[in-house]
Each structure stands twice: as C-alpha cells, then as structure tokens.
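> Quick one: this structure, given as structure tokens, is what I'll be asking you about.
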Amino acid sequence: MVLEAIRYDRGNLQILDQLKLPHAEVYDDINTSGDAWEAIKHMRTRGAPAIAIVAALSLAVELLIADIPPTAGDTAAFVYDRLDYLVTSRPTAVNLADAVRKLKAVVDAEVAKVKADGNGDSIREAYIAAAEKMLVDDVRDNEAIGKHGAEWIQKNTEFGQNGQVSVITHCNTGSLATAGYGTALGVIRALHSAGTLKHAFCTETRPYNQGSRLTAFELVHDKIPATLVTDSMAAALLKLKGPSERIAAIVVGADRVAANGDTANKIGTYSLAILAKFHGVKFLVAAPRTTIDLQTKSGADIVIEERPGNEVTLVKGPKWVAVLDEVDLSSSETIKIAASGIDVWNPAFDVTPAELIDGIITEVGVVEKDKNGEFQLQNVFQGLTNGNG
Ligand SMILES: CSC[C@@H](O)[C@@H](O)C(=O)COP(=O)(O)O
C-alpha cells in the first residue's frame, strides 16, 4: 500500500496524523482553513510541500460549505482573508507563501472576468480547480526530482560509477512530507527502483525526531535498505572508508531556497553540509521550484521559526512493553530528559550557505554553480538547468 499523507476527493480532505506515527496510522478530517492551521501549527501535517497543499485544499473544502454572500467580490475577500491566516501557520517554509500568492492570482483573474458584483460561484470553482492541480503537480514534480537526482548521483559520485551508492538523508522528505513520492527521499526511492541504492542512512533529526519517526517508518514501509543514526553519528559514518560503507552523497530537502542558493531546512542540515565538505562527499538539496524563493536574496533574509523549549526537554510516545518488545498503543507517556529550569534554544530550521551545496535538484534538472561559483536559480523558471542528471 502506498503511504498517503493527504487523502482528497472534492469536498473531503483527510491528513495522516504524523504525531501518531510511527505507531498508529490515523487520518483526521480537515474541513476548514482553521482545521488546517491547527494541524500545521501542531505538526500533525509536515514538510514544506505537504503543508502548502493541505492549506490550499482545506480552503477548497471550506468553500463548498461556508456561508459567504453570493457575489464574486465577497467570495474573493473571504478567500484572501483565509489565505492570509493560513500563511501564518509556518513562516520558514516558502511553499505555503508561494501557493497563497498563486491562488490569490487565480482569484484576481476570475474577479476581473466576472466583476466584483458578479456571481461568486466561478471564484469558488477557479480556486478549487487551482488547489486540486497543486496536489497533482507536486507528485509529478517529485517523480522528476527523483529521476534527475538519481541520475546526477550516478554520474557525479565515486561509487556511483561502479554501481551502487549509499546516501545519508535528514528529516522528513518522503511521501509523508509531500503530496507523494517525496523530494530527497524521492531521490533515494529512484535510486532504489533503479537497483543502484546500496543503503540509505537516515538521521534521527532531533529534537522532533522526524527522521526516526517518519523517514524510518517510510523506509521500512517501502522495504528500502536503511539504517537509523543519531544526528551526532553522521561524522563518524562519513569517515568509514570501506567500499560497502562509504557514503557517496548527502541528500536533503528544503523549506526555502534563496535566490543565491542559501537553503533553509530542518535544524541539523547545516552541520551535515559542513561534514560533507570536510569528507569530500557531495551535498545535494532536492526541492521543487515551489521551494525556490527568488524574492529572498540570501539566507540572511530567511525568518527562522523558533519552537517551544519543551520539544527539546520532553519526549512523548506510547509505553514500550519490554517482554513483548512492542509498544502499548493504548498508553501515552511523556518523559522529561533535561534538567528542570534549564533555558532552551529551539530553532526549527537552519540555513546552509550555497558554498556548501553541490547541486539543487529540481523537477527540471539539477542546478550546479556556474564558473563564478554561483547558482543561477532564475533559469529553472524557464525550465533550464546546467547539470542535468
Ligand atoms: C520535502 S520537505 C523538506 C522540508 O520541509 C523538511 O526537510 C523539513 O524540514 C520538515 O520539517 P517539519 O518541521 O517536519 O515540517
């Protein structure tokens, strides 16, 4: 069975509650933009592309049930208001802001056609069709990212030329973080499907453990050969030299790629990029064009979301029953793993400077730096790249 973070039919939207994973697969109904805002804020739905699509579709569902005055102008004002609210749920990931901008443009174009005092039905219809298209496009784009990334790794890494490669990934970038297939995990999936993946290593991704809870769950679910490591083990892993252990590349996702290639992603990504550079391992960012933000010139302009300290000091989950080596799904425990009274800094993301990134894998190909050592990311919006797999 294919893992689905988002289930959608016109009028019905469900999300897989990612706080209950990996122990239980529970789908929650999302009927309004308020439901989506809560789900995003409390991390029940995750990953930059998935967040954008859940937000967009939540309003598509709400528009079918909301009591809005019938004119086009009123419907457009309602959509604008809800979109402005939704965008506040996750500040760092740009896909949501990008989706909001595109959906507003669709609404504006429709209002221009029917005029503000015209019928609001065509605004609803245009909005719903545009939100539904985002769901379909994301899966197609991720499959293309997987293909380009796998081909690039095959061509450009030492062990790729000999057959199989091993890679490290971080955080949550698979079907659970997108509309399907995944970005960085999509590249791993494509390598695996082609028979060229030796092994995937996923980091735990402290403090929220998206790697051990979600990526590990997806790798096991899809029977991809994989090993979990804590974030602090990455350097030791990269030092292994044997042909069967050596890592060819680190592939991560992104929440926002600035115009110069600086990339915001889950906290810990920057450390991995530094480790990759030191060990001479390729460092790749896999992201659809919806994650590239040409308006943000560099990483210095990216707002980093800070989250509550108790995400670092507390660990939650069901009880483990030692004699059975199983979890008791009817139980839930919260354990404190830090000294009471200690101050906590909990940035959810960090920024990896472009100089540490070897390639940005998009759905139109892999962007490499030009002869001046700079990414020309504006070219991808014309469908152009310089390092296609
Ligand atoms: C394909 S998703 C890329 C990123 O969004 C992902 O790596 C990440 O940082 C997810 O963080 P999360 O806080 O779980 O939404």
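Note on naming: chains are A, B, ... as they come in the structure tokens, residues start from 1 per chain, ligands start from 1 in the order shown.
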Quick one: which chain A residues come within 8 Å of ligand 1, and what is the nearest atom pair for each with the distance in Å to one decimal, counting only C-alpha atoms and all ligand atoms, rows ordered by chain and ascending number, as a Markdown table?

| residue | atom | partner | partner_atom_place_in_ligand_line | distance |
| --- | --- | --- | --- | --- |
| A:Met43 | CA | ligand 1 | 14 (O) | 6.7 |
| A:Thr45 | CA | ligand 1 | 15 (O) | 7.3 |
| A:Arg46 | CA | ligand 1 | 15 (O) | 3.8 |
| A:Gly47 | CA | ligand 1 | 5 (O) | 3.6 |
| A:Ala48 | CA | ligand 1 | 5 (O) | 3.9 |
| A:Pro49 | CA | ligand 1 | 1 (C) | 6.0 |
| A:Ala50 | CA | ligand 1 | 2 (S) | 7.5 |
| A:Ile51 | CA | ligand 1 | 15 (O) | 7.5 |
| A:Ala93 | CA | ligand 1 | 5 (O) | 6.7 |
| A:His170 | CA | ligand 1 | 7 (O) | 6.7 |
| A:Cys171 | CA | ligand 1 | 7 (O) | 4.9 |
| A:Asn172 | CA | ligand 1 | 7 (O) | 5.1 |
| A:Thr173 | CA | ligand 1 | 1 (C) | 3.8 |
| A:Gly174 | CA | ligand 1 | 1 (C) | 6.4 |
| A:Ala177 | CA | ligand 1 | 2 (S) | 5.1 |
| A:Thr178 | CA | ligand 1 | 1 (C) | 5.8 |
| A:Gly182 | CA | ligand 1 | 1 (C) | 6.1 |
| A:Thr183 | CA | ligand 1 | 1 (C) | 5.2 |
| A:Ala184 | CA | ligand 1 | 1 (C) | 6.8 |
| A:Tyr208 | CA | ligand 1 | 14 (O) | 7.8 |
| A:Gln210 | CA | ligand 1 | 14 (O) | 5.9 |
| A:Val252 | CA | ligand 1 | 7 (O) | 6.5 |
| A:Gly253 | CA | ligand 1 | 3 (C) | 4.0 |
| A:Ala254 | CA | ligand 1 | 3 (C) | 4.3 |
| A:Asp255 | CA | ligand 1 | 5 (O) | 4.6 |
| A:Asn265 | CA | ligand 1 | 9 (O) | 4.7 |
| A:Lys266 | CA | ligand 1 | 9 (O) | 3.7 |
| A:Ile267 | CA | ligand 1 | 9 (O) | 7.5 |
| A:Ala286 | CA | ligand 1 | 1 (C) | 7.8 |
| A:Ala287 | CA | ligand 1 | 1 (C) | 6.8 |
| A:Ala348 | CA | ligand 1 | 13 (O) | 6.6 |
| A:Phe349 | CA | ligand 1 | 9 (O) | 6.8 |
> Using only N, CA and C atoms, please write the residues we just selected to a file, as a compact mmCIF listing (two decimals), in the first residue's frame.

# COMPACT_ATOMS: atom_id res chain seq x y z
N MET A 43 2.04 20.43 14.02
CA MET A 43 2.89 19.45 13.34
C MET A 43 2.19 18.12 13.09
N THR A 45 0.56 17.70 10.36
CA THR A 45 0.95 17.56 8.96
C THR A 45 2.27 18.30 8.80
N ARG A 46 3.20 17.75 7.99
CA ARG A 46 4.58 18.25 8.00
C ARG A 46 5.17 18.29 6.59
N GLY A 47 6.29 18.96 6.50
CA GLY A 47 7.02 19.03 5.24
C GLY A 47 6.49 20.20 4.41
N ALA A 48 7.43 20.97 3.86
CA ALA A 48 7.04 22.20 3.18
C ALA A 48 5.99 21.99 2.08
N PRO A 49 6.17 21.02 1.15
CA PRO A 49 5.14 20.88 0.10
C PRO A 49 3.80 20.41 0.65
N ALA A 50 3.82 19.47 1.59
CA ALA A 50 2.56 18.94 2.13
C ALA A 50 1.78 20.03 2.86
N ILE A 51 2.50 20.86 3.60
CA ILE A 51 1.86 21.95 4.34
C ILE A 51 1.11 22.87 3.37
N ALA A 93 8.89 27.81 5.82
CA ALA A 93 8.66 27.09 4.56
C ALA A 93 7.98 28.03 3.56
N HIS A 170 18.23 13.52 5.81
CA HIS A 170 17.90 14.18 7.09
C HIS A 170 16.43 14.58 7.07
N CYS A 171 15.84 14.53 8.22
CA CYS A 171 14.45 14.97 8.41
C CYS A 171 13.49 14.12 7.59
N ASN A 172 12.43 14.75 7.15
CA ASN A 172 11.26 14.04 6.64
C ASN A 172 10.95 14.61 5.26
N THR A 173 11.26 13.86 4.20
CA THR A 173 11.13 14.43 2.86
C THR A 173 10.42 13.47 1.89
N GLY A 174 9.75 12.46 2.41
CA GLY A 174 9.15 11.46 1.53
C GLY A 174 7.69 11.73 1.24
N ALA A 177 5.88 14.00 3.57
CA ALA A 177 6.17 15.44 3.61
C ALA A 177 5.69 16.15 2.36
N THR A 178 5.11 15.40 1.44
CA THR A 178 4.73 15.95 0.14
C THR A 178 3.36 15.36 -0.26
N GLY A 182 7.94 12.14 -2.70
CA GLY A 182 8.97 12.79 -1.89
C GLY A 182 10.04 13.48 -2.71
N THR A 183 10.83 14.32 -2.01
CA THR A 183 11.91 15.07 -2.68
C THR A 183 13.24 14.34 -2.45
N ALA A 184 13.92 14.61 -1.33
CA ALA A 184 15.18 13.89 -1.07
C ALA A 184 14.92 12.38 -0.96
N TYR A 208 12.70 16.93 17.15
CA TYR A 208 11.34 16.42 16.97
C TYR A 208 11.32 15.03 16.35
N GLN A 210 11.79 13.76 13.33
CA GLN A 210 11.10 13.45 12.06
C GLN A 210 11.79 12.30 11.33
N VAL A 252 19.24 16.21 1.03
CA VAL A 252 18.26 16.75 1.98
C VAL A 252 17.17 17.49 1.22
N GLY A 253 16.08 17.78 1.90
CA GLY A 253 15.02 18.61 1.32
C GLY A 253 15.27 20.08 1.66
N ALA A 254 14.25 20.90 1.46
CA ALA A 254 14.39 22.33 1.77
C ALA A 254 13.03 22.91 2.12
N ASP A 255 13.09 23.91 2.97
CA ASP A 255 11.88 24.69 3.28
C ASP A 255 11.86 26.01 2.53
N ASN A 265 16.52 24.61 5.89
CA ASN A 265 15.93 23.28 6.04
C ASN A 265 15.98 22.92 7.52
N LYS A 266 15.47 21.76 7.84
CA LYS A 266 15.38 21.34 9.24
C LYS A 266 16.72 21.50 9.96
N ILE A 267 16.65 21.93 11.19
CA ILE A 267 17.85 22.12 12.02
C ILE A 267 18.74 20.87 11.94
N ALA A 286 17.30 18.68 -2.58
CA ALA A 286 16.23 18.28 -3.52
C ALA A 286 14.99 19.09 -3.19
N ALA A 287 14.54 19.89 -4.15
CA ALA A 287 13.39 20.77 -3.86
C ALA A 287 12.67 21.14 -5.15
N ALA A 348 13.77 25.78 14.69
CA ALA A 348 13.29 24.59 13.95
C ALA A 348 14.08 24.35 12.67
N PHE A 349 14.77 25.39 12.19
CA PHE A 349 15.47 25.29 10.90
C PHE A 349 16.84 25.94 11.01
> Show me, as a ChimeraX atom specification, the residues that have an atom within 8 Å of A:Trp345 when counting only C-alpha atoms, minus same-chain residues fewer than 2 positions from it.
/A:306,309,343,347
> With C-alpha atoms kept, could you save the residues just selected as a CSV table (one decimal), in the first residue's frame?

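And here's out15.csv as it stands now:
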chain,number,residue,atom,x,y,z
A,306,GLU,CA,11.7,29.1,16.9
A,309,GLY,CA,11.6,24.5,24.5
A,343,ASP,CA,17.0,27.5,29.4
A,347,PRO,CA,15.3,26.9,16.2
> Need the shell around stretch 126-128 of chain A: protein/DNA/RNA residues with any atom at most 8 Å away, counting only C-alpha atoms. Skip same-chain ones fewer than 6 positions apart. Format as JSON, numbers by chain?
{"A": [57, 60, 103, 106, 107, 110]}
> Could those residues be written to a file, using N, CA and C atoms, as a compact mmCIF listing (two decimals), in the first residue's frame?

# COMPACT_ATOMS: atom_id res chain seq x y z
N LEU A 57 -5.93 22.99 -0.01
CA LEU A 57 -7.12 22.13 -0.14
C LEU A 57 -8.11 22.35 0.99
N ALA A 60 -10.34 24.82 -0.17
CA ALA A 60 -11.19 24.28 -1.25
C ALA A 60 -12.39 23.55 -0.64
N LEU A 103 -2.66 31.26 -5.66
CA LEU A 103 -4.11 31.12 -5.52
C LEU A 103 -4.79 32.48 -5.53
N VAL A 106 -5.10 33.55 -9.10
CA VAL A 106 -6.21 32.85 -9.79
C VAL A 106 -7.53 33.56 -9.46
N VAL A 107 -7.69 33.90 -8.19
CA VAL A 107 -8.92 34.59 -7.76
C VAL A 107 -9.02 35.96 -8.41
N GLU A 110 -10.11 35.77 -11.99
CA GLU A 110 -11.52 35.41 -12.12
C GLU A 110 -12.41 36.61 -11.79
> Give me, please, the distance in Å between atom CA of A:Ala200 and atom CA of A:Gln164, quoted to one decimal.
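Between atom CA of A:Ala200 and atom CA of A:Gln164 the gap works out to 11.2 Å.
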> Residues near A:Asp141, anyone? I mean within 8 Å using only C-alpha atoms, not counting same-chain ones fewer than 6 positions away, as a PyMOL selection string.
chain A and resi 288+362-363
> Can you tell me, as a list in words, what residues are no more than 7 Å from stretch 275-281 of chain A when counting only C-alpha atoms, ignoring any on the same chain fewer than 5 positions away?
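Selected residues are Ala235, Leu238, Ala248, Ala249 and Leu356 of chain A.
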> Looking only at alpha helix (DSSP H) from DSSP on the backbone, list the matching residues of stretch 19-252 of chain A as a count of residues only.
122
> At a cut-off of 8 Å, using only C-alpha atoms, what residues contact A:Asn260? Leave out same-chain residues fewer than 5 positions from it and give the result as a PDB file with N, CA, C and O atoms, in the first residue's frame.

ATOM      1  N   LYS A 297      16.808  37.228  -1.220  1.00  0.00           N
ATOM      2  CA  LYS A 297      18.106  37.273  -1.907  1.00  0.00           C
ATOM      3  C   LYS A 297      19.107  36.270  -1.327  1.00  0.00           C
ATOM      4  O   LYS A 297      19.852  35.627  -2.050  1.00  0.00           O
ATOM      5  N   SER A 298      19.129  36.149   0.002  1.00  0.00           N
ATOM      6  CA  SER A 298      20.092  35.226   0.618  1.00  0.00           C
ATOM      7  C   SER A 298      19.507  34.684   1.912  1.00  0.00           C
ATOM      8  O   SER A 298      18.459  35.145   2.377  1.00  0.00           O
ATOM      9  N   ALA A 354      25.133  28.567   0.331  1.00  0.00           N
ATOM     10  CA  ALA A 354      25.228  27.990  -1.020  1.00  0.00           C
ATOM     11  C   ALA A 354      26.605  27.384  -1.283  1.00  0.00           C
ATOM     12  O   ALA A 354      26.726  26.387  -2.008  1.00  0.00           O
ATOM     13  N   GLU A 374      28.461  30.487  -8.673  1.00  0.00           N
ATOM     14  CA  GLU A 374      27.136  30.958  -8.244  1.00  0.00           C
ATOM     15  C   GLU A 374      26.029  30.145  -8.889  1.00  0.00           C
ATOM     16  O   GLU A 374      26.126  29.764 -10.062  1.00  0.00           O
ATOM     17  N   PHE A 375      24.974  29.901  -8.119  1.00  0.00           N
ATOM     18  CA  PHE A 375      23.782  29.269  -8.692  1.00  0.00           C
ATOM     19  C   PHE A 375      22.992  30.338  -9.453  1.00  0.00           C
ATOM     20  O   PHE A 375      22.852  31.456  -8.966  1.00  0.00           O
ATOM     21  N   GLN A 376      22.495  29.976 -10.627  1.00  0.00           N
ATOM     22  CA  GLN A 376      21.626  30.896 -11.383  1.00  0.00           C
ATOM     23  C   GLN A 376      20.211  30.306 -11.331  1.00  0.00           C
ATOM     24  O   GLN A 376      19.727  29.714 -12.296  1.00  0.00           O
ATOM     25  N   LEU A 377      19.570  30.476 -10.193  1.00  0.00           N
ATOM     26  CA  LEU A 377      18.295  29.763  -9.987  1.00  0.00           C
ATOM     27  C   LEU A 377      17.138  30.334 -10.791  1.00  0.00           C
ATOM     28  O   LEU A 377      16.136  29.650 -11.011  1.00  0.00           O
TER      29      LEU A 377
END
> Could you check the closest approach to A:Ile168 for each of A:Ser89, A:Arg206, A:Phe283, A:Lys239 and tell me which residue wins, using only C-alpha atoms?
A:Phe283
